[in-house]
Amino acid sequence: MNKIALIIKREYLTRVRKRTFIISTLLFPLLYILLIFGTGYIAEKSKQNLKIAIIDSSGYLNRTMITKQNLIDNSSTLTLATENANKIINDPKAEGYDGYVVIPPISWQQGSNHLLLKSNKSYGIGTTSPIDAKLNRIWDEVKNDSLKIDTAKQQILATSRLKLTPSNIKDEKANAETATGIGYACGFLIYFILLIYGSQVMMGVMEEKTNRIAEIIVSSVKPFQMMLGKITGIGLVALTQFLLWISFVLIIYNVGKFSGGGGMATAIVASAQKVFGSINVPLILFCFAFYFLAGFFFYASLYGAIGSAVNEDMREAQSLAFPITMLVILSIALMSSAIANPTSPVAVWASIIPFSSPIVMMARIPFGVPNTVPFWQLGLSMSLLIIGFVFTTWFAGKIYRTGILMYGKKPTWREMIRWAFRKS
Amino acid sequence: MAILELHNLKKYFATQKAVDDISLSIDKGNIFGLLGPNGAGKTTLIRMITGIFYPDEGEIIFDGKKFNPVNDVGHIGYMPEERGLYKKMKIGEQTLYLAQLKGLKKHDALKKIKEWFKKFEMESWWNKKVEDLSKGMSQKLQFVTTVLHEPKLIILDEPFSGLDPVNTNLIKDEIFNLAQTGATIIFSTHRMEQVEEICNHIVLVNKGKKILDGTVKQVKQDFKENLFSVGTELIPAAVNGNAPFEVVGTKDHSYVVRIKEGNKPNQVLQYLLQEGVNIHSFNEILPSLNDIFIKLVEGTPLTRQFLEQKQAANPNA
């Protein structure tokens with residue numbers, strides 16, 4: 001036991017003290033925020049403002065309407081073309097337009113009318129949809145005028161609506177919208193941790209093997225202790241990184257709450273409060289910790305076994321790790337379907353079978369225990385995952401014991417399974 | 001008293017019998033040579049003694065009791081042929097870590113590390129990383145990590161490879177020191193001149209089996225071919241059939257003679273004196289361990305193949 005503790009300590013300290021750990025811990029949240037805001041910013045930036053000529057054969061549109069809408073939304077400018085219409089159709093560019101829309105002689109009472117925005121170049125939906133919206137607002141005005149609906153009535157039509165929100169009678173905290181968000185967040189976090197820290201275990205084992213220190217260590221401790229120490233140590237590193245991130249969030253939350261000012265900070269605090277108030281925090285935290293750790297042990301031991309079986313060649317390792325990585329990716333695919341429909345048979349079974357349960361169950365739990373996820377499912381899923389990771393750790397330990405001292409040709413999965421099941 | 005006894009040890013792998021029924025006994029304080037060609041099963045044998053492998057059959061008795069890997073590995077120091085240390089880890093920390101894994105308390109370990117580092121003039125290395133060391137330096141470090149916890153049994157696999165003569169002597173002296181203070185050393189190597197110099201007992205392993213076991217002196221006696229070198233100007237051309245020897249060849253201004261069965265060296269001298277030959281020297285020629293090694297190992301398929309290849313490449317030889 002004492003020796004495992006020594007190994008855990010070494011694995012943990014050498015990683016946590018590395019500069020890359022500190023940088024990645026600080027940088028990952030920043031990158032994440034940058035990614036969210038950055039893509040929005042780029043999408044906003046990449047929009048183009050066009051000059052579009054409207055060639056109206058219906059006779060409903062007039063300059064006043066169009067000018068009014070141009071003032072409300074200044075993205076793309078619409079211009080009513082009259083005398084030079086033919087020239088525009090021949091060559092919009094020469095007339096100073098990026099494109100044109102021909103409104104055929106239609107009646108305002110008719111149903112859906114399909115119009116074409118014709119242009120020399122192709123434009124993205126971010127550019128064309130504001131034009132669509134603008135044109136429809138003009139068309140609304142045409143309809144309102146024809147139906148004699150005044151501003152007061154328009155107001156009523158626009159605001160008086162019914163909105164449907166799903167609500168769970170048994171468990172008010174299992175709000176579907178929040179649950180979807182939390183489910184996605186938890187599922188993806190576990191996914192990233194399995195992949196990132198799983199491959200760290202694999203590379204750590206490969207390093208020991210290629211440095212030839214493995215033989216010295218196994219003359220002092222059992223290979224199984226060596227593997228378990230490594231996995232636990234790296235698991236603790238992952239946990240540390242997590243706790244640091246959570247404390248960042250809490251610090252920002254509290255600073256935002258007490259400073260009181262700052263539009264964005266208060267907005268974040270308010271939304272965080274809303275989310276925390278609307279979910280079962282202790283249950284989700286507990287389950288997250290469980291599925292994170294158990295899932296990590298389940299996969300990390302397999303990655304460790306692969307690391308022990310290959311030599312220094314990274315490509316060998318990747319090709320052997322491919323089936324394992326595919327299982328993790330498959331779990332993410334199953335998670336999306338589980339969130340869309342958390343009580344479907346696929347969701348239920350994917351959240352019970354060990355390989356996918358860490359990700360899929362974590363995505364279902366925010367929808368409510370015990371109503372969406374009955375206790376028996378949660379219990380079965382947890383027990384099977386425990387059995388699963390005990391099995392994979394045992395299995396990996398057997399492969400590890402043989403692989404760590406074996407040099408030469410890369411083994412196949414079939415050979416590795418034989419190592420595991422032959423008598424010792 | 002024996003520190004280590006192996007009884008009928010066997011370890012079979014899927015494709016070969018790596019260790020096939022080996023028994024041996026090593027006395028305390030001995031420097032024991034474990035010899036054998038590549039692939040003879042030495043490493044497998046050592047891995048069983050260090051608790052890395054379990055034998056398929058047979059028994060290991062360590063220090064009078066049945067070998068229990070969990071407790072006994074703390075009394076064994078093993079330096080594998082393929083050296084290994086964590087490249088990125090600081091030397092002081094690494095040595096401490098390896099010592100603690102062997103069961104030393106932190107405080108004791110630190111004290112011992114300081115002593116050894118002082119002895120080997122390595123004190124300034126504490127905060128360096130292994131990747132900054134030369135091959136010879138890391139070899140010295142490896143030796144220190146092997147013996148730091150004062151093991152009763154020290155297993156050294158090719159301990160001098162890559163060392164310059166100065167450092168070789170440094171380590172050699174330490175090996176003698178350790179043996180004098182009661183440690184037993186198993187020394188595995190292909191370098192026969194080192195074995196002759198250092199070991200007092202040897203075992204030769206080939207193809208998983210023990211083919212030779214004895215003290216260096218005894219083995220040499222057993223394999224002697226009754227050859228003597230006679231330093232003289234000239235041995236009479238006609239050595240008649242009654243002479244108690246035959247001339248086998250000449251070497252460095254002396255004749256090599258083989259004493260015929262049933263005769264004694266004195267009879268050779270007598271015969272030569274009677275013939276009026278001037279003798280300046282008369283020595284027994286004992287076979288070197290190298291010769292014995294090659295003689296015993298030759299004839300195995302691997303060596304035969306090697307020799308055949310050599311002959312094919314050079315048909316006149």
# chains A, B, ... in the order shown; residues from 1 in each chain; ligands from 1
$ closest_atom_pairs --of "chain A" --to "chain B" --cutoff "10 Å" --atoms "only C-alpha atoms" --output "tab-separated table"
residue	atom	partner	partner_atom	distance
A:Asn2	CA	B:Leu101	CA	8.7
A:Lys3	CA	B:Leu101	CA	5.9
A:Ile4	CA	B:Leu101	CA	9.0
A:Ala5	CA	B:Leu101	CA	9.9
A:Leu6	CA	B:Leu101	CA	7.2
A:Ile7	CA	B:Leu101	CA	8.2
A:Lys9	CA	B:Tyr97	CA	9.9
A:Arg10	CA	B:Tyr97	CA	8.0
A:Thr14	CA	B:Met89	CA	7.9
A:Glu207	CA	B:Tyr86	CA	8.4
A:Glu208	CA	B:Tyr86	CA	7.3
A:Lys209	CA	B:Gly84	CA	8.9
A:Thr210	CA	B:Gly84	CA	8.5
A:Asn211	CA	B:Gly84	CA	5.2
A:Arg212	CA	B:Gly84	CA	4.3
A:Ile213	CA	B:Gly84	CA	4.1
A:Ala214	CA	B:Gly84	CA	7.6
A:Glu215	CA	B:Pro80	CA	7.2
A:Ile216	CA	B:Tyr78	CA	7.1
A:Ile217	CA	B:Leu98	CA	7.7
A:Val218	CA	B:Ile52	CA	6.2
A:Ser219	CA	B:Thr50	CA	5.7
A:Ser220	CA	B:Lys102	CA	5.7
A:Val221	CA	B:Leu101	CA	7.2
A:Lys222	CA	B:Ile52	CA	7.6
A:Pro223	CA	B:Ile52	CA	8.3
A:Arg401	CA	B:Ile52	CA	8.9
A:Thr402	CA	B:Phe53	CA	9.5
A:Leu405	CA	B:Ile52	CA	9.6
A:Lys423	CA	B:Asp56	CA	9.9
A:Ser424	CA	B:Tyr54	CA	7.7
$ atom_distance --atom1 "atom CA of B:Ile3" --atom2 "atom CA of B:Ser188"
17.2 Å
$ closest_residue --among "B:Val195, B:Ile175, B:Val219, B:Ile185" --to "B:Ile26" --atoms "only C-alpha atoms"
B:Ile185
$ residues_around --residues "stretch 95-110 of chain A" --least-positions-apart "2" --cutoff "10 Å" --atoms "only C-alpha atoms" --output "ChimeraX atom specification"
/A:49-61,77-81,84-85,87-93,112-121,135,139-140,142-143,146-147
$ write_last_selection --atoms "N, CA and C atoms" --output "short mmCIF file (atom, residue, chain, number, x, y, z; two decimals), in the first residue's frame"
data_model
loop_
_atom_site.label_atom_id
_atom_site.label_comp_id
_atom_site.auth_asym_id
_atom_site.auth_seq_id
_atom_site.Cartn_x
_atom_site.Cartn_y
_atom_site.Cartn_z
N ASN A 49 -22.74 43.48 -46.10
CA ASN A 49 -23.86 44.38 -46.37
C ASN A 49 -23.98 44.58 -47.87
N LEU A 50 -25.13 44.23 -48.40
CA LEU A 50 -25.30 44.27 -49.86
C LEU A 50 -26.23 45.42 -50.26
N LYS A 51 -26.10 45.75 -51.49
CA LYS A 51 -27.07 46.72 -52.07
C LYS A 51 -27.96 45.92 -53.02
N ILE A 52 -29.21 45.87 -52.66
CA ILE A 52 -30.14 45.01 -53.41
C ILE A 52 -31.21 45.88 -54.06
N ALA A 53 -31.41 45.63 -55.33
CA ALA A 53 -32.48 46.34 -56.05
C ALA A 53 -33.76 45.52 -55.99
N ILE A 54 -34.88 46.20 -55.70
CA ILE A 54 -36.17 45.52 -55.67
C ILE A 54 -36.92 45.94 -56.94
N ILE A 55 -37.22 44.95 -57.76
CA ILE A 55 -37.97 45.26 -58.98
C ILE A 55 -39.38 44.76 -58.76
N ASP A 56 -40.32 45.71 -58.54
CA ASP A 56 -41.65 45.36 -58.05
C ASP A 56 -42.66 45.40 -59.19
N SER A 57 -43.23 44.23 -59.49
CA SER A 57 -44.28 44.19 -60.50
C SER A 57 -45.65 44.10 -59.84
N SER A 58 -45.69 43.90 -58.54
CA SER A 58 -46.98 43.74 -57.86
C SER A 58 -47.62 45.10 -57.59
N GLY A 59 -46.80 46.11 -57.46
CA GLY A 59 -47.33 47.46 -57.23
C GLY A 59 -47.66 47.76 -55.79
N TYR A 60 -47.38 46.85 -54.86
CA TYR A 60 -47.71 47.11 -53.46
C TYR A 60 -46.65 47.97 -52.79
N LEU A 61 -45.37 47.84 -53.23
CA LEU A 61 -44.27 48.45 -52.50
C LEU A 61 -44.07 49.91 -52.93
N THR A 77 -28.91 47.29 -47.86
CA THR A 77 -29.80 48.36 -48.28
C THR A 77 -30.67 47.88 -49.44
N LEU A 78 -31.96 48.11 -49.30
CA LEU A 78 -32.88 47.78 -50.40
C LEU A 78 -33.23 49.08 -51.13
N THR A 79 -33.33 48.99 -52.44
CA THR A 79 -33.69 50.16 -53.23
C THR A 79 -34.76 49.75 -54.24
N LEU A 80 -35.80 50.55 -54.33
CA LEU A 80 -36.86 50.24 -55.28
C LEU A 80 -36.41 50.73 -56.66
N ALA A 81 -36.25 49.80 -57.58
CA ALA A 81 -35.78 50.18 -58.91
C ALA A 81 -36.97 50.28 -59.85
N ASN A 84 -34.68 51.91 -64.45
CA ASN A 84 -33.51 51.15 -64.93
C ASN A 84 -33.60 49.64 -64.66
N ALA A 85 -34.80 49.14 -64.45
CA ALA A 85 -34.98 47.74 -64.08
C ALA A 85 -34.34 46.79 -65.09
N LYS A 87 -31.88 47.27 -67.16
CA LYS A 87 -30.42 47.33 -67.09
C LYS A 87 -29.91 46.53 -65.90
N ILE A 88 -30.62 46.63 -64.77
CA ILE A 88 -30.19 45.91 -63.57
C ILE A 88 -30.24 44.41 -63.82
N ILE A 89 -31.32 43.98 -64.48
CA ILE A 89 -31.44 42.54 -64.73
C ILE A 89 -30.30 42.07 -65.63
N ASN A 90 -29.92 42.89 -66.58
CA ASN A 90 -28.81 42.53 -67.47
C ASN A 90 -27.49 42.47 -66.71
N ASP A 91 -27.20 43.48 -65.93
CA ASP A 91 -25.92 43.53 -65.22
C ASP A 91 -26.05 44.38 -63.96
N PRO A 92 -26.40 43.77 -62.84
CA PRO A 92 -26.60 44.55 -61.60
C PRO A 92 -25.34 45.31 -61.19
N LYS A 93 -24.18 44.70 -61.42
CA LYS A 93 -22.91 45.31 -60.98
C LYS A 93 -22.73 46.70 -61.61
N SER A 112 -47.78 31.27 -49.86
CA SER A 112 -46.33 31.39 -49.94
C SER A 112 -45.90 31.75 -51.35
N ASN A 113 -45.11 32.82 -51.43
CA ASN A 113 -44.56 33.19 -52.72
C ASN A 113 -43.06 33.01 -52.70
N HIS A 114 -42.60 32.33 -53.70
CA HIS A 114 -41.18 32.02 -53.72
C HIS A 114 -40.44 33.02 -54.58
N LEU A 115 -39.57 33.81 -53.97
CA LEU A 115 -38.81 34.81 -54.71
C LEU A 115 -37.35 34.39 -54.77
N LEU A 116 -36.65 34.96 -55.75
CA LEU A 116 -35.24 34.65 -55.88
C LEU A 116 -34.40 35.90 -55.69
N LEU A 117 -33.33 35.76 -54.91
CA LEU A 117 -32.35 36.84 -54.80
C LEU A 117 -31.25 36.51 -55.80
N LYS A 118 -31.20 37.27 -56.89
CA LYS A 118 -30.22 36.94 -57.92
C LYS A 118 -29.00 37.84 -57.77
N SER A 119 -27.85 37.22 -57.83
CA SER A 119 -26.62 37.99 -57.67
C SER A 119 -25.50 37.33 -58.45
N ASN A 120 -24.42 38.06 -58.68
CA ASN A 120 -23.28 37.51 -59.41
C ASN A 120 -22.48 36.54 -58.54
N LYS A 121 -22.47 36.80 -57.25
CA LYS A 121 -21.71 35.94 -56.35
C LYS A 121 -22.67 35.19 -55.42
N LEU A 135 -37.52 42.11 -46.05
CA LEU A 135 -38.52 42.02 -47.11
C LEU A 135 -39.86 41.60 -46.52
N TRP A 139 -43.52 43.36 -46.38
CA TRP A 139 -44.71 42.62 -46.82
C TRP A 139 -45.79 42.64 -45.72
N ASP A 140 -45.36 42.55 -44.47
CA ASP A 140 -46.30 42.65 -43.34
C ASP A 140 -47.01 43.99 -43.39
N VAL A 142 -47.52 45.82 -45.96
CA VAL A 142 -48.47 45.78 -47.08
C VAL A 142 -49.76 45.11 -46.63
N LYS A 143 -49.62 43.96 -45.94
CA LYS A 143 -50.81 43.21 -45.49
C LYS A 143 -51.60 44.01 -44.47
N SER A 146 -53.50 46.72 -46.13
CA SER A 146 -54.63 46.22 -46.89
C SER A 146 -55.75 45.76 -45.98
N LEU A 147 -55.40 45.17 -44.82
CA LEU A 147 -56.42 44.67 -43.88
C LEU A 147 -56.89 45.75 -42.93
#
$ select_by_dssp --residues "stretch 85-282 of chain B" --states "strand (DSSP E or B)" --output "PyMOL selection string"
chain B and resi 90+129+153-157+184-189+201-206+209-215+227-232+245-251+254-259+279-282
$ atom_distance --atom1 "atom CA of A:Gly198" --atom2 "atom CA of A:Ala185"
19.2 Å
